[in-house]
Every structure is written in C-alpha cells, then in structure tokens.
$ cat my_file.cif   # mmCIF, C-alpha atoms
data_structure
#
loop_
_atom_site.group_PDB
_atom_site.id
_atom_site.type_symbol
_atom_site.label_atom_id
_atom_site.label_comp_id
_atom_site.auth_asym_id
_atom_site.auth_seq_id
_atom_site.Cartn_x
_atom_site.Cartn_y
_atom_site.Cartn_z
ATOM 1 C CA MET J 1401 27.221 -8.356 12.655
ATOM 2 C CA LYS J 1402 23.519 -9.059 12.651
ATOM 3 C CA HIS J 1403 22.133 -9.740 9.206
ATOM 4 C CA THR J 1404 19.086 -7.667 8.320
ATOM 5 C CA PRO J 1405 16.990 -9.438 5.717
ATOM 6 C CA SER J 1406 15.853 -7.479 2.702
ATOM 7 C CA THR J 1407 12.173 -6.664 2.389
ATOM 8 C CA HIS J 1408 10.162 -6.193 -0.758
ATOM 9 C CA THR J 1409 7.263 -4.157 -1.948
ATOM 10 C CA ASP J 1410 5.721 -3.043 -5.179
ATOM 11 C CA PHE J 1411 3.561 -0.115 -6.134
ATOM 12 C CA VAL J 1412 1.825 1.366 -9.139
ATOM 13 C CA ILE J 1413 1.506 5.012 -10.118
ATOM 14 C CA GLU J 1414 -0.983 5.895 -12.843
ATOM 15 C CA ARG J 1415 -0.954 9.265 -14.530
ATOM 16 C CA GLU J 1416 -2.748 10.849 -17.478
ATOM 17 C CA PHE J 1417 -1.100 13.356 -19.781
ATOM 18 C CA ALA J 1418 -2.588 15.650 -22.405
ATOM 19 C CA ALA J 1419 -0.099 14.529 -25.054
ATOM 20 C CA THR J 1420 0.289 11.617 -27.454
ATOM 21 C CA PRO J 1421 2.020 8.396 -26.276
ATOM 22 C CA GLU J 1422 4.777 9.267 -28.759
ATOM 23 C CA ALA J 1423 5.352 12.649 -27.083
ATOM 24 C CA VAL J 1424 5.340 11.170 -23.567
ATOM 25 C CA PHE J 1425 7.739 8.418 -24.617
ATOM 26 C CA GLN J 1426 10.014 11.004 -26.244
ATOM 27 C CA ALA J 1427 10.201 12.919 -22.951
ATOM 28 C CA TRP J 1428 11.732 9.769 -21.395
ATOM 29 C CA ALA J 1429 13.999 9.028 -24.341
ATOM 30 C CA ASP J 1430 15.526 12.433 -25.078
ATOM 31 C CA PRO J 1431 18.293 13.354 -22.575
ATOM 32 C CA VAL J 1432 17.631 17.083 -23.018
ATOM 33 C CA ALA J 1433 13.889 16.663 -22.370
ATOM 34 C CA LYS J 1434 14.447 14.253 -19.499
ATOM 35 C CA ARG J 1435 16.735 16.666 -17.695
ATOM 36 C CA LEU J 1436 13.881 19.176 -17.649
ATOM 37 C CA TRP J 1437 11.460 17.033 -15.677
ATOM 38 C CA SER J 1438 13.305 14.233 -13.906
ATOM 39 C CA ASP J 1439 15.326 14.536 -10.703
ATOM 40 C CA CYS J 1440 18.590 14.613 -12.615
ATOM 41 C CA HIS J 1441 18.293 18.375 -13.029
ATOM 42 C CA ALA J 1442 18.255 18.719 -9.267
ATOM 43 C CA GLU J 1443 20.600 20.751 -7.151
ATOM 44 C CA HIS J 1444 23.923 19.166 -6.137
ATOM 45 C CA THR J 1445 23.991 16.860 -9.182
ATOM 46 C CA THR J 1446 27.614 16.272 -10.090
ATOM 47 C CA ASP J 1447 27.231 13.684 -12.856
ATOM 48 C CA TYR J 1448 24.417 12.758 -15.168
ATOM 49 C CA SER J 1449 24.335 10.664 -18.322
ATOM 50 C CA LEU J 1450 21.646 8.869 -20.303
ATOM 51 C CA ASP J 1451 22.245 6.187 -22.903
ATOM 52 C CA PHE J 1452 18.682 5.309 -23.882
ATOM 53 C CA ARG J 1453 18.819 1.909 -25.585
ATOM 54 C CA PRO J 1454 18.496 -1.728 -24.468
ATOM 55 C CA LEU J 1455 21.372 -2.453 -22.028
ATOM 56 C CA GLY J 1456 22.203 1.256 -22.075
ATOM 57 C CA ARG J 1457 22.726 3.053 -18.756
ATOM 58 C CA GLU J 1458 21.551 6.115 -16.958
ATOM 59 C CA THR J 1459 23.839 7.377 -14.221
ATOM 60 C CA HIS J 1460 23.069 10.057 -11.696
ATOM 61 C CA ARG J 1461 25.360 11.199 -8.892
ATOM 62 C CA VAL J 1462 24.444 13.749 -6.255
ATOM 63 C CA ALA J 1463 26.865 15.226 -3.697
ATOM 64 C CA TYR J 1464 24.894 16.712 -0.814
ATOM 65 C CA PRO J 1465 26.315 19.686 1.091
ATOM 66 C CA ASP J 1466 26.617 17.542 4.247
ATOM 67 C CA GLY J 1467 29.117 15.284 2.463
ATOM 68 C CA ARG J 1468 26.868 12.334 1.642
ATOM 69 C CA VAL J 1469 27.016 11.012 -1.916
ATOM 70 C CA GLN J 1470 24.036 9.393 -3.594
ATOM 71 C CA GLN J 1471 24.571 7.317 -6.710
ATOM 72 C CA ILE J 1472 21.822 5.950 -8.960
ATOM 73 C CA GLU J 1473 22.691 3.423 -11.656
ATOM 74 C CA LYS J 1474 20.033 2.378 -14.128
ATOM 75 C CA VAL J 1475 20.050 -0.191 -16.942
ATOM 76 C CA PHE J 1476 17.358 -0.289 -19.625
ATOM 77 C CA PHE J 1477 16.221 -3.783 -20.611
ATOM 78 C CA ASP J 1478 13.314 -3.312 -22.948
ATOM 79 C CA ILE J 1479 12.311 -0.293 -24.982
ATOM 80 C CA VAL J 1480 9.322 -0.237 -27.330
ATOM 81 C CA ALA J 1481 8.740 3.227 -28.797
ATOM 82 C CA ALA J 1482 5.558 4.897 -27.505
ATOM 83 C CA ARG J 1483 4.609 1.684 -25.678
ATOM 84 C CA ARG J 1484 6.932 0.493 -22.960
ATOM 85 C CA ILE J 1485 10.176 1.043 -21.073
ATOM 86 C CA VAL J 1486 11.591 -1.591 -18.683
ATOM 87 C CA PHE J 1487 14.571 -0.777 -16.496
ATOM 88 C CA ALA J 1488 16.293 -1.738 -13.283
ATOM 89 C CA TYR J 1489 18.112 0.659 -10.985
ATOM 90 C CA ASP J 1490 19.757 0.878 -7.626
ATOM 91 C CA ILE J 1491 20.223 3.691 -5.152
ATOM 92 C CA ARG J 1492 23.409 3.885 -3.076
ATOM 93 C CA LEU J 1493 24.215 6.297 -0.308
ATOM 94 C CA ASP J 1494 27.938 6.546 0.477
ATOM 95 C CA ALA J 1495 28.348 3.236 -1.370
ATOM 96 C CA ARG J 1496 25.801 1.485 0.889
ATOM 97 C CA PRO J 1497 23.011 -0.077 -1.213
ATOM 98 C CA LEU J 1498 19.605 1.223 -0.100
ATOM 99 C CA SER J 1499 17.321 -0.311 -2.691
ATOM 100 C CA VAL J 1500 17.251 -2.101 -6.026
ATOM 101 C CA SER J 1501 14.170 -1.855 -8.238
ATOM 102 C CA LEU J 1502 12.659 -3.233 -11.409
ATOM 103 C CA VAL J 1503 10.389 -0.722 -13.158
ATOM 104 C CA THR J 1504 7.968 -1.079 -16.059
ATOM 105 C CA VAL J 1505 6.511 2.093 -17.576
ATOM 106 C CA GLU J 1506 3.686 1.570 -20.049
ATOM 107 C CA PHE J 1507 2.009 4.121 -22.272
ATOM 108 C CA SER J 1508 -1.406 3.727 -23.883
ATOM 109 C CA PRO J 1509 -3.714 6.150 -25.689
ATOM 110 C CA SER J 1510 -6.481 7.583 -23.507
ATOM 111 C CA ARG J 1511 -9.225 10.144 -23.800
ATOM 112 C CA ARG J 1512 -6.981 12.910 -22.450
ATOM 113 C CA GLY J 1513 -4.037 11.742 -24.531
ATOM 114 C CA THR J 1514 -1.890 9.179 -22.746
ATOM 115 C CA ARG J 1515 -2.332 6.940 -19.752
ATOM 116 C CA MET J 1516 1.011 6.100 -18.173
ATOM 117 C CA VAL J 1517 1.289 3.186 -15.743
ATOM 118 C CA TYR J 1518 4.492 3.093 -13.688
ATOM 119 C CA THR J 1519 5.012 -0.188 -11.821
ATOM 120 C CA GLU J 1520 7.961 -0.520 -9.462
ATOM 121 C CA GLN J 1521 9.079 -3.678 -7.651
ATOM 122 C CA LEU J 1522 11.497 -2.714 -4.947
ATOM 123 C CA ALA J 1523 13.925 -4.610 -2.724
ATOM 124 C CA TYR J 1524 14.680 -2.589 0.395
ATOM 125 C CA LEU J 1525 18.222 -3.414 1.476
ATOM 126 C CA ASP J 1526 20.187 -3.092 4.668
ATOM 127 C CA GLY J 1527 22.141 0.061 3.861
ATOM 128 C CA HIS J 1528 19.675 2.293 5.684
ATOM 129 C CA GLU J 1529 20.841 3.873 8.898
ATOM 130 C CA ASP J 1530 17.347 3.627 10.270
ATOM 131 C CA ARG J 1531 17.360 -0.131 9.926
ATOM 132 C CA ALA J 1532 20.630 -0.579 11.764
ATOM 133 C CA ARG J 1533 19.339 1.496 14.652
ATOM 134 C CA ARG J 1534 16.137 0.320 16.249
ATOM 135 C CA LEU J 1535 13.529 3.014 16.399
ATOM 136 C CA HIS J 1536 12.716 4.137 19.913
ATOM 137 C CA GLY J 1537 9.137 5.089 20.541
ATOM 138 C CA THR J 1538 6.653 6.455 18.126
ATOM 139 C CA GLN J 1539 7.594 10.099 18.536
ATOM 140 C CA GLU J 1540 11.038 9.606 17.063
ATOM 141 C CA SER J 1541 9.712 7.639 14.128
ATOM 142 C CA LEU J 1542 6.923 10.150 13.672
ATOM 143 C CA ASP J 1543 9.471 12.948 13.449
ATOM 144 C CA ARG J 1544 11.421 10.857 10.981
ATOM 145 C CA LEU J 1545 8.343 10.175 8.902
ATOM 146 C CA VAL J 1546 7.265 13.823 8.809
ATOM 147 C CA HIS J 1547 10.800 14.773 7.857
ATOM 148 C CA SER J 1548 11.083 12.202 5.085
ATOM 149 C CA LEU J 1549 7.671 13.051 3.692
ATOM 150 C CA SER J 1550 8.308 16.764 3.659
ATOM 151 C CA ARG J 1551 11.657 16.474 1.922
ATOM 152 C CA HIS J 1552 12.096 15.563 -1.692
ATOM 153 C CA MET O 1393 2.381 -6.630 -0.544
ATOM 154 C CA ARG O 1394 1.067 -4.095 -3.002
ATOM 155 C CA THR O 1395 0.479 -0.450 -2.318
ATOM 156 C CA THR O 1396 -0.907 2.132 -4.658
ATOM 157 C CA THR O 1397 -0.105 5.592 -3.434
ATOM 158 C CA ASP O 1398 -2.148 8.154 -5.222
ATOM 159 C CA PRO O 1399 -1.806 11.874 -4.508
ATOM 160 C CA ALA O 1400 -5.117 11.776 -2.588
ATOM 161 C CA ARG O 1401 -3.656 9.302 -0.108
ATOM 162 C CA LEU O 1402 -0.556 11.431 0.417
ATOM 163 C CA ASP O 1403 -2.855 14.407 0.975
ATOM 164 C CA ARG O 1404 -4.688 12.481 3.689
ATOM 165 C CA MET O 1405 -1.384 11.579 5.349
ATOM 166 C CA PHE O 1406 -0.167 15.173 5.351
ATOM 167 C CA PHE O 1407 -3.520 16.471 6.523
ATOM 168 C CA ALA O 1408 -3.546 13.973 9.397
ATOM 169 C CA LEU O 1409 -0.123 15.148 10.582
ATOM 170 C CA SER O 1410 -0.794 18.843 10.032
ATOM 171 C CA ASP O 1411 -2.538 19.356 13.375
ATOM 172 C CA LEU O 1412 -0.800 19.800 16.742
ATOM 173 C CA GLN O 1413 -3.592 18.034 18.651
ATOM 174 C CA ARG O 1414 -3.480 15.046 16.312
ATOM 175 C CA ARG O 1415 0.261 14.781 16.737
ATOM 176 C CA GLY O 1416 -0.397 14.885 20.498
ATOM 177 C CA ILE O 1417 -2.802 11.964 20.158
ATOM 178 C CA LEU O 1418 -0.201 9.962 18.231
ATOM 179 C CA GLU O 1419 2.377 10.684 20.901
ATOM 180 C CA ALA O 1420 -0.057 9.546 23.608
ATOM 181 C CA LEU O 1421 -0.803 6.367 21.636
ATOM 182 C CA SER O 1422 2.918 5.608 21.422
ATOM 183 C CA ASN O 1423 2.629 4.556 25.097
ATOM 184 C CA GLY O 1424 0.112 1.897 24.114
ATOM 185 C CA PRO O 1425 -3.470 1.368 22.941
ATOM 186 C CA ALA O 1426 -6.169 3.560 24.490
ATOM 187 C CA SER O 1427 -9.871 4.348 24.240
ATOM 188 C CA VAL O 1428 -11.234 7.769 23.262
ATOM 189 C CA THR O 1429 -12.059 8.549 26.886
ATOM 190 C CA GLU O 1430 -8.574 7.632 28.052
ATOM 191 C CA LEU O 1431 -7.046 9.833 25.350
ATOM 192 C CA ALA O 1432 -9.317 12.869 25.542
ATOM 193 C CA GLY O 1433 -9.005 13.494 29.316
ATOM 194 C CA PRO O 1434 -5.238 13.940 29.697
ATOM 195 C CA LEU O 1435 -5.041 15.933 26.442
ATOM 196 C CA GLY O 1436 -7.783 18.326 27.608
ATOM 197 C CA MET O 1437 -9.913 17.481 24.597
ATOM 198 C CA ALA O 1438 -13.685 17.196 24.339
ATOM 199 C CA LEU O 1439 -14.809 13.682 23.421
ATOM 200 C CA PRO O 1440 -16.390 14.637 20.060
ATOM 201 C CA SER O 1441 -13.252 16.426 18.881
ATOM 202 C CA ALA O 1442 -11.035 13.514 19.985
ATOM 203 C CA VAL O 1443 -13.282 11.183 17.974
ATOM 204 C CA LYS O 1444 -12.964 13.488 14.967
ATOM 205 C CA HIS O 1445 -9.173 13.684 15.235
ATOM 206 C CA LEU O 1446 -8.892 9.898 15.607
ATOM 207 C CA ALA O 1447 -11.013 9.387 12.495
ATOM 208 C CA ILE O 1448 -8.670 11.659 10.512
ATOM 209 C CA LEU O 1449 -5.614 9.808 11.847
ATOM 210 C CA GLU O 1450 -7.260 6.531 10.887
ATOM 211 C CA GLN O 1451 -7.974 7.808 7.352
ATOM 212 C CA GLY O 1452 -4.357 8.951 7.145
ATOM 213 C CA GLY O 1453 -3.244 5.402 7.902
ATOM 214 C CA PHE O 1454 -1.511 6.212 11.189
ATOM 215 C CA VAL O 1455 -3.980 4.657 13.608
ATOM 216 C CA VAL O 1456 -6.066 1.488 13.659
ATOM 217 C CA SER O 1457 -9.047 0.816 15.903
ATOM 218 C CA GLU O 1458 -10.830 -2.218 17.215
ATOM 219 C CA LYS O 1459 -14.161 -2.500 18.947
ATOM 220 C CA ALA O 1460 -14.470 -4.848 21.912
ATOM 221 C CA GLY O 1461 -17.961 -4.773 23.367
ATOM 222 C CA ARG O 1462 -18.917 -1.104 23.725
ATOM 223 C CA VAL O 1463 -15.398 0.247 23.832
ATOM 224 C CA ARG O 1464 -13.380 1.119 20.743
ATOM 225 C CA THR O 1465 -9.649 0.937 21.333
ATOM 226 C CA TYR O 1466 -7.175 2.863 19.218
ATOM 227 C CA GLN O 1467 -3.555 2.078 18.562
ATOM 228 C CA VAL O 1468 -0.727 3.261 16.361
ATOM 229 C CA ASP O 1469 -0.631 1.362 13.084
ATOM 230 C CA PRO O 1470 2.840 -0.210 13.137
ATOM 231 C CA LYS O 1471 2.901 -0.228 9.325
ATOM 232 C CA ALA O 1472 2.789 3.579 9.227
ATOM 233 C CA PHE O 1473 6.082 3.751 11.088
ATOM 234 C CA ASP O 1474 7.848 1.035 9.237
ATOM 235 C CA ALA O 1475 11.128 2.301 7.811
ATOM 236 C CA MET O 1476 10.460 0.779 4.415
ATOM 237 C CA GLN O 1477 7.006 2.342 4.223
ATOM 238 C CA ALA O 1478 8.503 5.748 5.004
ATOM 239 C CA TRP O 1479 11.194 5.244 2.363
ATOM 240 C CA VAL O 1480 8.649 4.145 -0.239
ATOM 241 C CA ALA O 1481 6.299 7.041 0.617
ATOM 242 C CA LYS O 1482 9.155 9.509 0.140
ATOM 243 C CA HIS O 1483 10.140 7.809 -3.104
ATOM 244 C CA GLN O 1484 6.569 7.951 -4.430
ATOM 245 C CA ARG O 1485 6.338 11.618 -3.534
ATOM 246 C CA ARG O 1486 9.455 12.271 -5.605
ATOM 247 C CA LEU O 1487 8.028 10.339 -8.533
ATOM 248 C CA HIS O 1488 4.775 12.274 -8.402
ATOM 249 C CA ALA O 1489 6.726 15.551 -8.307
ATOM 250 C CA GLN O 1490 8.683 14.425 -11.379
ATOM 251 C CA PHE O 1491 5.538 13.405 -13.243
ATOM 252 C CA ASP O 1492 4.007 16.800 -12.395
ATOM 253 C CA ARG O 1493 7.004 18.391 -14.095
ATOM 254 C CA LEU O 1494 6.623 15.970 -17.027
ATOM 255 C CA ASP O 1495 3.000 17.108 -17.340
ATOM 256 C CA ALA O 1496 4.095 20.761 -17.363
ATOM 257 C CA TYR O 1497 6.836 20.012 -19.888
ATOM 258 C CA LEU O 1498 4.389 18.259 -22.249
ATOM 259 C CA ALA O 1499 1.893 21.129 -21.961
ATOM 260 C CA GLU O 1500 4.655 23.584 -22.811
ATOM 261 C CA GLN O 1501 5.702 21.505 -25.842
ATOM 262 C CA LYS O 1502 2.123 21.592 -27.077
ATOM 263 C CA THR O 1503 1.892 25.355 -26.720
ATOM 264 C CA ARG O 1504 5.163 25.719 -28.597
ATOM 265 C CA ALA O 1505 3.957 23.473 -31.431
ATOM 266 C CA LYS O 1506 0.828 25.595 -31.837
ATOM 267 C CA ARG O 1507 2.789 28.813 -32.317
#
$ encode --input "my_file.cif" --output "structure tokens"
Amino acid sequence: MKHTPSTHTDFVIEREFAATPEAVFQAWADPVAKRLWSDCHAEHTTDYSLDFRPLGRETHRVAYPDGRVQQIEKVFFDIVAARRIVFAYDIRLDARPLSVSLVTVEFSPSRRGTRMVYTEQLAYLDGHEDRARRLHGTQESLDRLVHSLSRH
Amino acid sequence: MRTTTDPARLDRMFFALSDLQRRGILEALSNGPASVTELAGPLGMALPSAVKHLAILEQGGFVVSEKAGRVRTYQVDPKAFDAMQAWVAKHQRRLHAQFDRLDAYLAEQKTRAKR
C-alpha cells in the first residue's frame, strides 16, 4: 500500500463578543452552555461528554444516517480561567483518522467586550477517501469543493 | 503555511462559485491555461464580461493569472482544489457557525441578566 504523507497547516480565527472574558470562558467550560452553541448539540449525536479540567476529555460521537460514524476525542492540557484554553483533538471517520489538531483559544478584554483568538495547528492524515483516490479533472474537485463548503 | 480564513474570504469564495458562467470558465480552465480571448469565444461571452468573471474568480482564490508580454494567461489555482484546503475550509466554516451561535448565546445571557 502506498504511504500518503501527512500534511500540516495552521489557521487563526479572531472573533469579538459583547460579553466579558469571564462569560465567554464560562460558555466553553459549562457543559450545559457548551451544548447550546457547539456542534455537540447537532443532529445524529449519539454520545457527548465534557470533563473540563486539565487532562480531562471531551468526547463526541455522531452516527450519520448513511451509516458512517464520526468520533471526536479531545484532551484539555491547559486551562486558565477567563484567559486561555489549550486542547488537542482528533477526528475519526469509521475509525480512520482524518486529522489531529492542537488548539489554543485565548480571551482578552476588548472595547466590545472580549476578543477571542482561536489558533489551530492541524495534521491532515491519510484517512480521507479523497486522498486515496486521485482527483480527476477540475470539475470533479470543483463539485467536491462546492459540496464540502455548502455542508456543515 | 498559515491561512487566516475570515468570513469575508469565505463570502468571496461562495460568490465566485455562485455564477453559472464562472463555473463554466473554471471547467474550461480545467483543460489547461488560457487567455481571456481563448476563454470568451467558446463560452459565447463578451470580452469585458469574461474579464470581470475572471477577476471575481481570482479574488475568490480559484484562479491565478500571469502576464507574458501583452497577453495575460489564466489558470486554475491548484491550491484551491487541494483536498486539505477543502477540508480546512469546511472545518473553518463549521467553527465560524459555532462562534456565531456562541455570540447569540452570550447576547441572550446578557438580556436574561438585565431582566
């Protein structure tokens, strides 16, 4: 079997919220609050748990109607109230690892309330179907891109 | 490699792909690089509108161009069709959607506190 090397990328998302850093942090820390805004409330979720403390885990399992199972496992490494959350997580589809990421979320007071900086370093692994199969022509990959962008 | 995907950039990507003629241009470019003249003719497009569409595709990050002498040649930006880029773009879109909900949640909490 041909070995597909992993590739890496990182990206930053900056957002401003009209709330105190304490309130924004609390929305990440409180399982009840987090369920209301994060993807774990989504349809087809079969398991969700959050143990918000250093070396605690967050687990999220989704069973799609077409039979595929997506599993996200997260471990928190550093938590500083109202300041910073550092965690690592992986995404698996039918037990194939798709990506593993290290994420730092930082909160600081801003004019509007809180500036949140989300930095993710991501290793893209070889579990993707679209890596195993070579893409033919631009039209197919364009369709794929439109599809992946329009679905979340 | 570092990419910062803000909502404005995603908007430009979606806008670029939202037009049938622009998708036609991308399909034509999948056969290889071409100039505006070479693209406009077979697609039954006037030159100025082909130029406009190409500029939008370029802003969307799907097409790159290069000028050699008096002729500007366009080609598909291979990065735009990279599987990892597509995965990361989808992932970022999900994150932005979640943070939009976080924003709404925080606003609601504030309203509740005021009552």
$ atom_distance --input "my_file.cif" --atom1 "atom CA of J:Asp1451" --atom2 "atom CA of O:His1488"
23.5 Å
$ resolve_selection --input "my_file.cif" --expression "the PyMOL selection byres ((chain O and resi 1447) around 12)" --output "NGL selection string"
:O and (1404 or 1407-1408 or 1414 or 1417 or 1428 or 1440-1446 or 1448-1457 or 1464 or 1466)
$ residues_around --input "my_file.cif" --residues "J:Arg1468" --least-positions-apart "4" --cutoff "8 Å" --atoms "all atoms listed in the file" --output "list of chain:residue names"
J:Ala1463, J:Tyr1464, J:Leu1493, J:Asp1494
$ closest_atom_pairs --input "my_file.cif" --of "chain O" --to "chain J" --cutoff "10 Å" --atoms "all atoms listed in the file" --output "Markdown table"
| residue | atom | partner | partner_atom | distance |
| --- | --- | --- | --- | --- |
| O:Met1393 | CA | J:Thr1409 | CA | 5.6 |
| O:Arg1394 | CA | J:Asp1410 | CA | 5.2 |
| O:Thr1395 | CA | J:Phe1411 | CA | 4.9 |
| O:Thr1396 | CA | J:Phe1411 | CA | 5.2 |
| O:Thr1397 | CA | J:Ile1413 | CA | 6.9 |
| O:Asp1398 | CA | J:Ile1413 | CA | 6.9 |
| O:Pro1399 | CA | J:Ile1413 | CA | 9.5 |
| O:Leu1402 | CA | J:Leu1549 | CA | 9.0 |
| O:Met1405 | CA | J:Leu1549 | CA | 9.3 |
| O:Phe1406 | CA | J:Leu1549 | CA | 8.3 |
| O:Leu1409 | CA | J:Val1546 | CA | 7.7 |
| O:Ser1410 | CA | J:Val1546 | CA | 9.6 |
| O:Arg1415 | CA | J:Leu1542 | CA | 8.7 |
| O:Gly1416 | CA | J:Gln1539 | CA | 9.5 |
| O:Leu1418 | CA | J:Thr1538 | CA | 7.7 |
| O:Glu1419 | CA | J:Gln1539 | CA | 5.8 |
| O:Ala1420 | CA | J:Gln1539 | CA | 9.2 |
| O:Leu1421 | CA | J:Thr1538 | CA | 8.2 |
| O:Ser1422 | CA | J:Thr1538 | CA | 5.1 |
| O:Asn1423 | CA | J:Gly1537 | CA | 8.0 |
| O:Gly1424 | CA | J:Thr1538 | CA | 10.0 |
| O:Phe1454 | CA | J:Leu1542 | CA | 9.6 |
| O:Val1468 | CA | J:Thr1538 | CA | 8.2 |
| O:Pro1470 | CA | J:Thr1538 | CA | 9.2 |
| O:Ala1472 | CA | J:Leu1545 | CA | 8.6 |
| O:Phe1473 | CA | J:Ser1541 | CA | 6.1 |
| O:Asp1474 | CA | J:Ser1541 | CA | 8.4 |
| O:Ala1475 | CA | J:Asp1530 | CA | 6.8 |
| O:Met1476 | CA | J:Tyr1524 | CA | 6.7 |
| O:Gln1477 | CA | J:Thr1409 | CA | 9.0 |
| O:Ala1478 | CA | J:Leu1545 | CA | 5.9 |
| O:Trp1479 | CA | J:Ser1548 | CA | 7.5 |
| O:Val1480 | CA | J:Thr1409 | CA | 8.6 |
| O:Ala1481 | CA | J:Leu1549 | CA | 6.9 |
| O:Lys1482 | CA | J:Leu1549 | CA | 5.2 |
| O:His1483 | CA | J:His1552 | CA | 8.1 |
| O:Gln1484 | CA | J:Ile1413 | CA | 8.2 |
| O:Arg1485 | CA | J:His1552 | CA | 7.2 |
| O:Arg1486 | CA | J:His1552 | CA | 5.8 |
| O:Leu1487 | CA | J:Ser1438 | CA | 8.5 |
| O:His1488 | CA | J:Ile1413 | CA | 8.1 |
| O:Ala1489 | CA | J:His1552 | CA | 8.5 |
| O:Gln1490 | CA | J:Ser1438 | CA | 5.3 |
| O:Phe1491 | CA | J:Trp1437 | CA | 7.4 |
| O:Asp1492 | CA | J:Trp1437 | CA | 8.1 |
| O:Arg1493 | CA | J:Trp1437 | CA | 4.9 |
| O:Leu1494 | CA | J:Trp1437 | CA | 5.1 |
| O:Asp1495 | CA | J:Phe1417 | CA | 6.1 |
| O:Ala1496 | CA | J:Trp1437 | CA | 8.4 |
| O:Tyr1497 | CA | J:Trp1437 | CA | 6.9 |
| O:Leu1498 | CA | J:Ala1419 | CA | 6.5 |
| O:Ala1499 | CA | J:Ala1418 | CA | 7.1 |
| O:Gln1501 | CA | J:Ala1423 | CA | 8.9 |
| O:Lys1502 | CA | J:Ala1419 | CA | 7.7 |
$ closest_residue --input "my_file.cif" --among "J:His1444, J:Arg1453, J:Arg1496, J:His1460" --to "J:Gly1527" --atoms "all atoms listed in the file"
J:Arg1496
$ closest_residue --input "my_file.cif" --among "O:Leu1439, O:Arg1504, O:Leu1431, O:Ala1426" --to "O:Lys1459" --atoms "only C-alpha atoms"
O:Ala1426
$ residues_near_point --input "my_file.cif" --point "(23.5, 5.9, -4.9)" --cutoff "9 Å" --atoms "only C-alpha atoms" --output "count of residues only"
17
$ closest_residue --input "my_file.cif" --among "J:Arg1435, J:Ala1442, J:Thr1514, J:Pro1454" --to "J:Ile1479" --atoms "all atoms listed in the file"
J:Pro1454
$ residues_around --input "my_file.cif" --residues "J:Phe1425" --least-positions-apart "5" --cutoff "8 Å" --atoms "only C-alpha atoms" --output "list in words"
Ala1481, Ala1482, Arg1483 and Phe1507 of chain J
$ residues_around --input "my_file.cif" --residues "J:Lys1474" --least-positions-apart "2" --cutoff "7 Å" --atoms "only C-alpha atoms" --output "number ranges by chain"
J: 1457-1459, 1472, 1476, 1487-1490
$ write_last_selection --input "my_file.cif" --atoms "C-alpha atoms" --output "PDB file, in the frame of the given file"
ATOM      1  CA  ARG J1457      22.726   3.053 -18.756  1.00  0.00           C
ATOM      2  CA  GLU J1458      21.551   6.115 -16.958  1.00  0.00           C
ATOM      3  CA  THR J1459      23.839   7.377 -14.221  1.00  0.00           C
ATOM      4  CA  ILE J1472      21.822   5.950  -8.960  1.00  0.00           C
ATOM      5  CA  PHE J1476      17.358  -0.289 -19.625  1.00  0.00           C
ATOM      6  CA  PHE J1487      14.571  -0.777 -16.496  1.00  0.00           C
ATOM      7  CA  ALA J1488      16.293  -1.738 -13.283  1.00  0.00           C
ATOM      8  CA  TYR J1489      18.112   0.659 -10.985  1.00  0.00           C
ATOM      9  CA  ASP J1490      19.757   0.878  -7.626  1.00  0.00           C
TER      10      ASP J1490
END
